[in-house]
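Okay, target.cif is below, mmCIF, C-alpha atoms:
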data_my_file
#
loop_
_atom_site.group_PDB
_atom_site.id
_atom_site.type_symbol
_atom_site.label_atom_id
_atom_site.label_comp_id
_atom_site.auth_asym_id
_atom_site.auth_seq_id
_atom_site.Cartn_x
_atom_site.Cartn_y
_atom_site.Cartn_z
ATOM 1 C CA MET H 1 22.844 -2.929 -10.528
ATOM 2 C CA ALA H 2 21.508 -1.831 -7.151
ATOM 3 C CA GLN H 3 22.092 1.790 -6.184
ATOM 4 C CA ILE H 4 21.537 3.987 -3.148
ATOM 5 C CA ILE H 5 19.911 7.358 -3.748
ATOM 6 C CA ILE H 6 18.733 10.132 -1.436
ATOM 7 C CA ASP H 7 15.244 11.297 -2.312
ATOM 8 C CA THR H 8 11.753 11.976 -0.987
ATOM 9 C CA ALA H 9 9.243 9.233 -0.289
ATOM 10 C CA ASN H 10 7.033 10.581 -3.075
ATOM 11 C CA HIS H 11 9.821 10.291 -5.632
ATOM 12 C CA ILE H 12 10.698 6.867 -4.237
ATOM 13 C CA ALA H 13 7.105 5.756 -4.908
ATOM 14 C CA GLY H 14 7.700 6.758 -8.519
ATOM 15 C CA TYR H 15 10.917 4.744 -8.607
ATOM 16 C CA ALA H 16 8.998 1.760 -7.238
ATOM 17 C CA ALA H 17 6.328 2.027 -9.936
ATOM 18 C CA LYS H 18 9.093 2.071 -12.546
ATOM 19 C CA ALA H 19 10.880 -0.886 -10.940
ATOM 20 C CA ALA H 20 7.588 -2.817 -10.887
ATOM 21 C CA ARG H 21 7.340 -2.284 -14.667
ATOM 22 C CA VAL H 22 3.924 -0.668 -14.411
ATOM 23 C CA LYS H 23 2.390 -0.231 -17.873
ATOM 24 C CA VAL H 24 -0.432 2.257 -17.225
ATOM 25 C CA VAL H 25 -0.470 5.189 -14.800
ATOM 26 C CA ALA H 26 -3.566 7.381 -14.515
ATOM 27 C CA ALA H 27 -3.580 10.175 -11.956
ATOM 28 C CA TYR H 28 -4.754 13.656 -11.060
ATOM 29 C CA PRO H 29 -2.442 15.887 -8.980
ATOM 30 C CA ILE H 30 -3.363 16.844 -5.420
ATOM 31 C CA THR H 31 -1.229 18.125 -2.535
ATOM 32 C CA PRO H 32 0.795 16.393 -1.098
ATOM 33 C CA GLN H 33 0.703 13.574 -3.697
ATOM 34 C CA THR H 34 1.666 15.649 -6.738
ATOM 35 C CA THR H 35 5.388 14.936 -6.894
ATOM 36 C CA ILE H 36 4.759 11.176 -7.213
ATOM 37 C CA VAL H 37 3.037 11.566 -10.558
ATOM 38 C CA GLU H 38 5.409 14.338 -11.612
ATOM 39 C CA LYS H 39 8.319 11.938 -11.137
ATOM 40 C CA ILE H 40 6.548 9.190 -13.076
ATOM 41 C CA ALA H 41 5.751 11.671 -15.862
ATOM 42 C CA GLU H 42 9.485 12.487 -16.048
ATOM 43 C CA PHE H 43 10.345 8.785 -16.298
ATOM 44 C CA VAL H 44 7.802 8.231 -19.071
ATOM 45 C CA GLU H 45 8.794 11.373 -21.005
ATOM 46 C CA SER H 46 12.501 10.486 -20.877
ATOM 47 C CA GLY H 47 11.872 6.910 -21.965
ATOM 48 C CA GLU H 48 13.164 5.451 -18.684
ATOM 49 C CA MET H 49 9.734 3.959 -18.010
ATOM 50 C CA ASP H 50 7.847 2.053 -20.698
ATOM 51 C CA ALA H 51 4.335 3.040 -19.674
ATOM 52 C CA GLU H 52 1.274 4.960 -20.776
ATOM 53 C CA TYR H 53 0.686 8.031 -18.598
ATOM 54 C CA ILE H 54 -2.949 9.150 -18.746
ATOM 55 C CA ARG H 55 -3.709 12.735 -17.699
ATOM 56 C CA VAL H 56 -7.280 12.834 -16.444
ATOM 57 C CA GLU H 57 -9.660 15.523 -15.210
ATOM 58 C CA SER H 58 -10.349 14.051 -11.755
ATOM 59 C CA GLU H 59 -9.437 11.320 -9.316
ATOM 60 C CA HIS H 60 -12.659 9.488 -10.141
ATOM 61 C CA SER H 61 -11.536 9.354 -13.760
ATOM 62 C CA ALA H 62 -8.065 8.233 -12.689
ATOM 63 C CA MET H 63 -9.450 5.186 -10.917
ATOM 64 C CA ALA H 64 -11.844 4.486 -13.793
ATOM 65 C CA ALA H 65 -8.886 4.482 -16.205
ATOM 66 C CA CYS H 66 -6.935 2.142 -13.929
ATOM 67 C CA ILE H 67 -9.936 -0.185 -13.742
ATOM 68 C CA GLY H 68 -10.133 -0.350 -17.519
ATOM 69 C CA ALA H 69 -6.395 -0.907 -17.902
ATOM 70 C CA ALA H 70 -6.266 -3.601 -15.218
ATOM 71 C CA ALA H 71 -9.270 -5.335 -16.767
ATOM 72 C CA ALA H 72 -7.375 -5.346 -20.065
ATOM 73 C CA GLY H 73 -4.571 -7.263 -18.352
ATOM 74 C CA VAL H 74 -1.837 -4.719 -17.635
ATOM 75 C CA ARG H 75 -0.148 -3.662 -14.398
ATOM 76 C CA THR H 76 -1.528 -0.302 -13.262
ATOM 77 C CA PHE H 77 -0.650 2.372 -10.698
ATOM 78 C CA THR H 78 -2.123 5.588 -9.378
ATOM 79 C CA ALA H 79 -1.710 7.917 -6.412
ATOM 80 C CA THR H 80 -3.869 10.394 -4.518
ATOM 81 C CA SER H 81 -4.585 12.076 -1.184
ATOM 82 C CA ALA H 82 -7.468 13.170 1.037
ATOM 83 C CA HIS H 83 -10.416 14.571 -0.937
ATOM 84 C CA GLY H 84 -9.051 12.997 -4.099
ATOM 85 C CA LEU H 85 -9.378 9.592 -2.459
ATOM 86 C CA ALA H 86 -12.870 10.502 -1.272
ATOM 87 C CA LEU H 87 -13.830 11.385 -4.852
ATOM 88 C CA MET H 88 -12.641 7.921 -5.937
ATOM 89 C CA HIS H 89 -14.918 6.192 -3.435
ATOM 90 C CA GLU H 90 -17.468 4.793 -5.897
ATOM 91 C CA ALA H 91 -14.767 3.375 -8.168
ATOM 92 C CA LEU H 92 -12.830 1.847 -5.254
ATOM 93 C CA HIS H 93 -15.712 -0.547 -4.649
ATOM 94 C CA TRP H 94 -15.753 -1.511 -8.312
ATOM 95 C CA ALA H 95 -11.994 -2.164 -8.428
ATOM 96 C CA SER H 96 -12.141 -4.625 -5.540
ATOM 97 C CA GLY H 97 -15.432 -6.188 -6.606
ATOM 98 C CA ALA H 98 -14.025 -6.797 -10.087
ATOM 99 C CA ARG H 99 -10.913 -8.347 -8.451
ATOM 100 C CA LEU H 100 -8.427 -5.998 -10.144
ATOM 101 C CA PRO H 101 -4.907 -5.870 -8.596
ATOM 102 C CA ILE H 102 -4.381 -2.099 -8.834
ATOM 103 C CA VAL H 103 -1.783 -0.583 -6.496
ATOM 104 C CA MET H 104 -2.299 3.000 -5.315
ATOM 105 C CA ALA H 105 -0.029 5.210 -3.228
ATOM 106 C CA VAL H 106 -2.105 7.222 -0.761
ATOM 107 C CA VAL H 107 -0.265 10.216 0.672
ATOM 108 C CA ASN H 108 -2.251 10.670 3.859
ATOM 109 C CA ARG H 109 -3.717 14.121 4.447
ATOM 110 C CA ALA H 110 -6.431 15.438 6.758
ATOM 111 C CA MET H 111 -9.971 15.765 5.438
ATOM 112 C CA GLY H 112 -11.675 19.166 5.488
ATOM 113 C CA ALA H 113 -13.386 21.131 6.754
ATOM 114 C CA PRO H 114 -11.472 23.120 7.835
ATOM 115 C CA TRP H 115 -8.848 22.801 5.114
ATOM 116 C CA SER H 116 -5.655 21.083 6.157
ATOM 117 C CA ILE H 117 -2.793 19.703 4.084
ATOM 118 C CA TRP H 118 -1.028 17.989 6.979
ATOM 119 C CA PRO H 119 -0.994 14.249 7.720
ATOM 120 C CA ASP H 120 -3.976 12.366 9.088
ATOM 121 C CA PHE H 121 -5.070 8.809 8.366
ATOM 122 C CA SER H 122 -8.738 9.810 8.058
ATOM 123 C CA ASP H 123 -8.630 9.723 4.264
ATOM 124 C CA SER H 124 -7.525 6.104 3.914
ATOM 125 C CA LEU H 125 -9.205 4.758 7.049
ATOM 126 C CA SER H 126 -12.552 6.064 5.806
ATOM 127 C CA GLN H 127 -12.095 3.668 2.844
ATOM 128 C CA ARG H 128 -11.328 0.641 5.002
ATOM 129 C CA ASP H 129 -14.459 -1.276 3.957
ATOM 130 C CA THR H 130 -14.063 -0.849 0.191
ATOM 131 C CA GLY H 131 -12.266 -4.182 -0.204
ATOM 132 C CA TRP H 132 -8.766 -2.734 -0.594
ATOM 133 C CA ILE H 133 -5.718 -4.080 1.224
ATOM 134 C CA GLN H 134 -4.054 -1.271 3.215
ATOM 135 C CA PHE H 135 -0.340 -0.967 4.042
ATOM 136 C CA TYR H 136 1.096 1.859 6.194
ATOM 137 C CA CYS H 137 4.794 2.704 5.793
ATOM 138 C CA ALA H 138 7.275 4.089 8.313
ATOM 139 C CA ASP H 139 10.108 5.317 6.067
ATOM 140 C CA ASN H 140 11.125 5.835 2.453
ATOM 141 C CA GLN H 141 12.778 2.444 2.039
ATOM 142 C CA GLU H 142 9.595 0.761 3.189
ATOM 143 C CA VAL H 143 7.592 2.764 0.643
ATOM 144 C CA PHE H 144 9.726 1.373 -2.184
ATOM 145 C CA ASP H 145 9.748 -2.178 -0.873
ATOM 146 C CA THR H 146 6.047 -2.259 0.007
ATOM 147 C CA ILE H 147 4.929 -1.147 -3.457
ATOM 148 C CA ILE H 148 6.926 -4.027 -4.952
ATOM 149 C CA GLN H 149 5.535 -6.447 -2.350
ATOM 150 C CA ALA H 150 1.999 -5.145 -2.922
ATOM 151 C CA TYR H 151 2.061 -6.067 -6.610
ATOM 152 C CA ARG H 152 3.361 -9.535 -5.782
ATOM 153 C CA LEU H 153 0.524 -9.981 -3.269
ATOM 154 C CA CYS H 154 -2.314 -8.432 -5.259
ATOM 155 C CA GLU H 155 -1.518 -10.381 -8.430
ATOM 156 C CA ASP H 156 -1.475 -13.719 -6.618
ATOM 157 C CA GLU H 157 -4.410 -15.783 -7.898
ATOM 158 C CA ARG H 158 -5.406 -16.469 -4.291
ATOM 159 C CA VAL H 159 -5.890 -12.730 -3.739
ATOM 160 C CA PHE H 160 -6.587 -10.628 -6.860
ATOM 161 C CA LEU H 161 -7.469 -7.531 -4.840
ATOM 162 C CA PRO H 162 -6.252 -3.913 -5.061
ATOM 163 C CA ALA H 163 -4.023 -2.322 -2.424
ATOM 164 C CA MET H 164 -3.269 1.089 -0.959
ATOM 165 C CA VAL H 165 0.300 1.823 0.111
ATOM 166 C CA CYS H 166 -0.086 4.691 2.576
ATOM 167 C CA LEU H 167 2.550 7.265 3.531
ATOM 168 C CA GLU H 168 2.045 10.373 5.614
ATOM 169 C CA GLY H 169 1.934 13.713 3.842
ATOM 170 C CA PHE H 170 5.013 15.934 4.185
ATOM 171 C CA ILE H 171 6.354 14.090 7.257
ATOM 172 C CA LEU H 172 7.218 11.219 4.919
ATOM 173 C CA SER H 173 6.204 12.276 1.415
ATOM 174 C CA HIS H 174 8.563 15.266 1.222
ATOM 175 C CA THR H 175 11.360 14.039 3.504
ATOM 176 C CA TYR H 176 14.678 12.989 1.980
ATOM 177 C CA MET H 177 16.202 9.680 3.099
ATOM 178 C CA PRO H 178 18.764 7.267 1.635
ATOM 179 C CA VAL H 179 17.015 4.395 -0.156
ATOM 180 C CA LYS H 180 18.396 1.310 -1.843
ATOM 181 C CA ILE H 181 16.955 0.833 -5.320
ATOM 182 C CA HIS H 182 17.415 -2.878 -5.881
ATOM 183 C CA ASP H 183 18.823 -4.486 -9.009
ATOM 184 C CA GLN H 184 16.166 -4.618 -11.728
ATOM 185 C CA GLU H 185 16.868 -8.236 -12.646
ATOM 186 C CA GLU H 186 16.408 -9.266 -9.014
ATOM 187 C CA ILE H 187 13.129 -7.330 -8.813
ATOM 188 C CA ASP H 188 11.956 -9.020 -12.018
ATOM 189 C CA ALA H 189 12.754 -12.410 -10.490
ATOM 190 C CA PHE H 190 10.692 -11.536 -7.400
ATOM 191 C CA LEU H 191 7.869 -9.878 -9.366
ATOM 192 C CA PRO H 192 7.160 -11.678 -12.658
ATOM 193 C CA PRO H 193 4.960 -10.106 -15.366
ATOM 194 C CA TYR H 194 1.281 -9.770 -14.496
ATOM 195 C CA LYS H 195 -0.875 -12.612 -15.778
ATOM 196 C CA SER H 196 -4.626 -12.522 -15.261
ATOM 197 C CA GLY H 197 -6.941 -15.453 -15.713
ATOM 198 C CA TRP H 198 -9.497 -13.181 -17.338
ATOM 199 C CA ILE H 199 -8.888 -10.074 -19.470
ATOM 200 C CA LEU H 200 -11.032 -7.971 -21.761
ATOM 201 C CA ASP H 201 -10.437 -9.302 -25.260
ATOM 202 C CA VAL H 202 -12.506 -8.438 -28.349
ATOM 203 C CA ASN H 203 -11.566 -11.799 -29.851
ATOM 204 C CA ASN H 204 -12.761 -13.686 -26.792
ATOM 205 C CA PRO H 205 -15.673 -11.707 -25.325
ATOM 206 C CA PHE H 206 -17.213 -12.578 -21.974
ATOM 207 C CA SER H 207 -19.322 -11.020 -19.253
ATOM 208 C CA HIS H 208 -17.317 -9.264 -16.542
ATOM 209 C CA ALA H 209 -18.868 -8.103 -13.237
ATOM 210 C CA ASN H 210 -22.350 -8.091 -14.748
ATOM 211 C CA LEU H 211 -25.712 -7.996 -12.970
ATOM 212 C CA VAL H 212 -26.209 -10.853 -10.494
ATOM 213 C CA SER H 213 -29.061 -11.917 -8.226
ATOM 214 C CA PRO H 214 -28.752 -11.403 -4.440
ATOM 215 C CA GLU H 215 -27.777 -15.010 -3.710
ATOM 216 C CA TRP H 216 -24.921 -14.815 -6.230
ATOM 217 C CA TYR H 217 -23.930 -11.357 -5.008
ATOM 218 C CA MET H 218 -23.429 -12.840 -1.552
ATOM 219 C CA GLU H 219 -21.089 -15.461 -3.060
ATOM 220 C CA PHE H 220 -18.982 -12.792 -4.757
ATOM 221 C CA ARG H 221 -18.679 -10.791 -1.527
ATOM 222 C CA TYR H 222 -17.730 -13.911 0.398
ATOM 223 C CA MET H 223 -14.982 -14.634 -2.130
ATOM 224 C CA ILE H 224 -13.554 -11.171 -1.453
ATOM 225 C CA GLN H 225 -13.487 -11.972 2.262
ATOM 226 C CA GLU H 226 -11.722 -15.264 1.526
ATOM 227 C CA ALA H 227 -9.192 -13.374 -0.590
ATOM 228 C CA MET H 228 -8.564 -11.002 2.327
ATOM 229 C CA GLU H 229 -7.934 -13.963 4.617
ATOM 230 C CA ASN H 230 -5.556 -15.403 2.026
ATOM 231 C CA ALA H 231 -3.752 -12.060 1.911
ATOM 232 C CA LYS H 232 -3.357 -12.155 5.685
ATOM 233 C CA ARG H 233 -1.519 -15.468 5.375
ATOM 234 C CA LEU H 234 0.525 -14.459 2.338
ATOM 235 C CA ILE H 235 1.778 -11.049 3.512
ATOM 236 C CA PRO H 236 4.234 -12.486 6.103
ATOM 237 C CA GLU H 237 5.451 -15.080 3.582
ATOM 238 C CA ILE H 238 6.064 -12.470 0.880
ATOM 239 C CA ASP H 239 7.760 -10.167 3.383
ATOM 240 C CA LYS H 240 10.113 -12.955 4.497
ATOM 241 C CA GLU H 241 10.999 -13.889 0.926
ATOM 242 C CA TYR H 242 11.648 -10.234 0.161
ATOM 243 C CA GLY H 243 13.909 -10.045 3.195
ATOM 244 C CA ARG H 244 15.911 -13.060 2.029
ATOM 245 C CA ARG H 245 16.329 -11.610 -1.452
ATOM 246 C CA PHE H 246 16.925 -7.945 -0.685
ATOM 247 C CA GLY H 247 17.800 -7.665 3.009
ATOM 248 C CA PHE H 248 14.757 -5.591 4.000
ATOM 249 C CA GLN H 249 11.901 -7.069 6.032
ATOM 250 C CA TYR H 250 9.086 -5.351 7.916
ATOM 251 C CA GLY H 251 7.484 -7.886 10.217
ATOM 252 C CA GLY H 252 4.717 -8.929 7.863
ATOM 253 C CA LEU H 253 1.480 -7.639 9.389
ATOM 254 C CA ILE H 254 2.945 -6.017 12.516
ATOM 255 C CA ASP H 255 6.433 -4.604 12.996
ATOM 256 C CA LYS H 256 7.237 -5.608 16.587
ATOM 257 C CA TYR H 257 10.176 -4.147 18.532
ATOM 258 C CA ARG H 258 11.368 -5.477 21.905
ATOM 259 C CA CYS H 259 7.901 -6.776 22.766
ATOM 260 C CA GLU H 260 8.942 -10.201 24.084
ATOM 261 C CA ASP H 261 9.096 -9.230 27.778
ATOM 262 C CA ALA H 262 7.364 -5.852 27.616
ATOM 263 C CA ASP H 263 4.918 -4.810 30.331
ATOM 264 C CA LEU H 264 3.857 -1.818 28.238
ATOM 265 C CA ILE H 265 3.607 -1.773 24.435
ATOM 266 C CA ILE H 266 3.313 1.423 22.402
ATOM 267 C CA CYS H 267 1.044 0.696 19.421
ATOM 268 C CA THR H 268 1.305 2.957 16.358
ATOM 269 C CA MET H 269 0.938 3.155 12.574
ATOM 270 C CA GLY H 270 3.139 4.885 10.025
ATOM 271 C CA THR H 271 6.113 7.089 10.851
ATOM 272 C CA MET H 272 5.282 7.189 14.561
ATOM 273 C CA GLY H 273 6.608 3.643 14.689
ATOM 274 C CA CYS H 274 10.140 5.029 14.232
ATOM 275 C CA GLU H 275 9.777 7.483 17.118
ATOM 276 C CA ALA H 276 8.251 4.721 19.243
ATOM 277 C CA LYS H 277 11.392 2.594 18.811
ATOM 278 C CA VAL H 278 13.561 5.500 19.974
ATOM 279 C CA ALA H 279 11.286 5.986 22.989
ATOM 280 C CA VAL H 280 11.500 2.263 23.783
ATOM 281 C CA ASP H 281 15.308 2.330 23.762
ATOM 282 C CA ASN H 282 15.366 5.387 26.025
ATOM 283 C CA LEU H 283 12.875 3.885 28.478
ATOM 284 C CA ARG H 284 14.699 0.537 28.491
ATOM 285 C CA ARG H 285 17.845 2.342 29.592
ATOM 286 C CA GLU H 286 15.803 3.624 32.534
ATOM 287 C CA GLY H 287 14.905 0.046 33.440
ATOM 288 C CA LEU H 288 11.347 0.027 32.123
ATOM 289 C CA LYS H 289 10.098 -2.972 30.158
ATOM 290 C CA VAL H 290 8.615 -1.216 27.149
ATOM 291 C CA GLY H 291 8.088 -2.434 23.576
ATOM 292 C CA ALA H 292 6.661 -1.029 20.356
ATOM 293 C CA ALA H 293 4.273 -2.525 17.810
ATOM 294 C CA ARG H 294 3.547 -0.815 14.517
ATOM 295 C CA ILE H 295 0.441 -1.919 12.644
ATOM 296 C CA ARG H 296 1.826 -2.262 9.117
ATOM 297 C CA VAL H 297 -1.302 -3.777 7.559
ATOM 298 C CA TYR H 298 -4.664 -2.340 8.580
ATOM 299 C CA ARG H 299 -6.696 -4.306 6.038
ATOM 300 C CA PRO H 300 -6.853 -7.239 6.513
ATOM 301 C CA PHE H 301 -6.610 -6.302 10.183
ATOM 302 C CA PRO H 302 -4.202 -8.565 12.125
ATOM 303 C CA VAL H 303 -6.648 -9.494 14.897
ATOM 304 C CA GLU H 304 -4.821 -12.618 16.073
ATOM 305 C CA GLU H 305 -1.443 -10.887 16.146
ATOM 306 C CA VAL H 306 -2.803 -7.981 18.196
ATOM 307 C CA ARG H 307 -4.350 -10.427 20.673
ATOM 308 C CA LYS H 308 -0.985 -12.153 21.076
ATOM 309 C CA LEU H 309 0.581 -8.804 21.956
ATOM 310 C CA ALA H 310 -1.893 -8.451 24.801
ATOM 311 C CA LEU H 311 -1.140 -11.865 26.339
ATOM 312 C CA ASN H 312 1.911 -10.727 28.309
ATOM 313 C CA ALA H 313 1.715 -6.929 28.327
ATOM 314 C CA ARG H 314 -0.225 -5.216 31.101
ATOM 315 C CA ILE H 315 -0.772 -2.015 29.119
ATOM 316 C CA ILE H 316 -1.070 -1.256 25.402
ATOM 317 C CA ALA H 317 -0.858 2.478 24.716
ATOM 318 C CA THR H 318 -2.217 3.438 21.298
ATOM 319 C CA ILE H 319 -1.119 6.623 19.540
ATOM 320 C CA ASP H 320 -3.593 7.422 16.775
ATOM 321 C CA ARG H 321 -3.186 9.857 13.868
ATOM 322 C CA HIS H 322 -6.865 9.754 12.925
#

Can you present the structure in this file as C-alpha cells?
Amino acid sequence: MAQIIIDTANHIAGYAAKAARVKVVAAYPITPQTTIVEKIAEFVESGEMDAEYIRVESEHSAMAACIGAAAAGVRTFTATSAHGLALMHEALHWASGARLPIVMAVVNRAMGAPWSIWPDFSDSLSQRDTGWIQFYCADNQEVFDTIIQAYRLCEDERVFLPAMVCLEGFILSHTYMPVKIHDQEEIDAFLPPYKSGWILDVNNPFSHANLVSPEWYMEFRYMIQEAMENAKRLIPEIDKEYGRRFGFQYGGLIDKYRCEDADLIICTMGTMGCEAKVAVDNLRREGLKVGAARIRVYRPFPVEEVRKLALNARIIATIDRH
C-alpha cells in the first residue's frame, strides 16, 4: 500500500533503494551523504531490506565492490559526496566501460580546498566524462522517483550504463518534505528484476572487459556513446510511463515551466528550479513574460531541447551552482 511520509531526501534515497529491491549496497560514509547509508543499514539490520550491506574502508573500495556485485548479476547501489566521489574516479570509468547498471546517489558538496561541506555541483560535474548518466533532482519526491526510474533506464539492454542521481547537500539532503512511497507491487511491475545478458559464473566462464587492441577499443567506446544516445530517447518515455503509473512526472530531460511564450527563460539545475518557478509566477503577475527551465539530465546533455528553448526566447539567464 502506498504511504506518505515526511523525511529527509537522504532517508528517502534509502527508501528508494529498498523499494528498488537492491541486493548489494557498498558504501563509505562522508558528509553530507552519511544518513543515506545509515538508513539503508537500519533497513538491512531490521530485515526490512533483503540485501547485503558491505562496509568498506574507502569510496574506491565501495565502487569496486559494486562493480563486482553488478558483474555477478545483482542490482547494486551506493552513495557518496565530494572528495569521496573524486576518490572513486578510476573505478567510475571501469563501471561504465564494463556496462554495469549501478545507481549511485551523489549528495553534492563543494570540493576543497578550502574545506566546505555546503552544496556545489563541482563534484559530480567533474565526473561528467566518465560515461555515467547524470540526473539532478529538485525535491525529495523526485529523489525517490528518479532512483526508481534510473534503475529502469540503466538496466535496459539498449543502455546498460551506470547513473548518478544527484541531490544538493543539506539544502535537499537534510530537508524534510512529504513524500509518497508508492505501493511495492506497483513498483515491482514498473521495475522488474534485473536480468543481465552476461554475468560472472564459475560454471560458464568467459572474458569480461579484457585487453583489446586500439581498433576494438574504439568500437567499445562508440557503443557507450550509442548507449548514451539511446538513454536520451528513453528517459522521456520512462518518465511519461512513470507519470501514468504513479502520478509524478518531471519533464524527461528538461523540466520546463511557462516557457511557451517566454521572452526570458531562467535556466537552472537542482533545487534552484523550485525557486525559479516561484520567481516566474511573481514576474508574470507583473506582466513580464518569463519562464523557467531546469536541466534534469546533464549526461546525456539535452542539446536539441536546449536549442528549442532558444528559438523564441530573447534571453536565457543561467544560474550555476558550480

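The spacing separating atom CA of H:Leu200 from atom CA of H:Arg75 amounts to 13.8 Å.
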
Tell me which of H:Asp123, H:Glu155, H:Glu215, H:Asp239 sits closest to H:Thr76, counting only C-alpha atoms. H:Glu155

Top pick for closest residue to H:Phe190, considering H:Arg285, H:Arg221, H:Arg152, H:Lys23 and counting all atoms listed in the file: H:Arg152

Name all residues at most 9 Å from H:Met49 (count all atoms listed in the file; drop same-chain ones fewer than 6 positions away) and give them as a PDB file with C-alpha atoms, in the frame of the given file.
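Wrote it out as out19.pdb, contents follow:
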ATOM      1  CA  ALA H  17       6.328   2.027  -9.936  1.00  0.00           C
ATOM      2  CA  LYS H  18       9.093   2.071 -12.546  1.00  0.00           C
ATOM      3  CA  ALA H  19      10.880  -0.886 -10.940  1.00  0.00           C
ATOM      4  CA  ARG H  21       7.340  -2.284 -14.667  1.00  0.00           C
ATOM      5  CA  VAL H  22       3.924  -0.668 -14.411  1.00  0.00           C
ATOM      6  CA  LYS H  23       2.390  -0.231 -17.873  1.00  0.00           C
ATOM      7  CA  ILE H  40       6.548   9.190 -13.076  1.00  0.00           C
ATOM      8  CA  ALA H  41       5.751  11.671 -15.862  1.00  0.00           C
ATOM      9  CA  GLU H  42       9.485  12.487 -16.048  1.00  0.00           C
ATOM     10  CA  PHE H  43      10.345   8.785 -16.298  1.00  0.00           C
TER      11      PHE H  43
END

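When all atoms listed in the file are used to compute distances to H:Ser126, the closest of the residues H:Ala86, H:Val159, H:Ile67, H:Val165 turns out to be H:Ala86.
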
Residues near H:Val56, cut-off 12 Å, all atoms listed in the file, skip fewer than 5 positions along chain, as a list in words: Val25, Ala26, Ala27, Tyr28, Pro29, Val37, Ser61, Ala62, Met63, Ala64, Ala65, Cys66 and Thr78 of chain H

Determine the residue membership of the PyMOL selection byres ((chain H and resi 259-273) around 8) for the file above and supply it as number ranges by chain. H: 136-139, 167-168, 171-172, 256-258, 274-277, 289-296, 309, 312-321

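Between atom CA of H:His208 and atom CA of H:Ala71 the separation is 9.0 Å.
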
For atom CA of H:Val179 and atom CA of H:Glu142, the interatomic separation in Å (one decimal): 8.9 Å
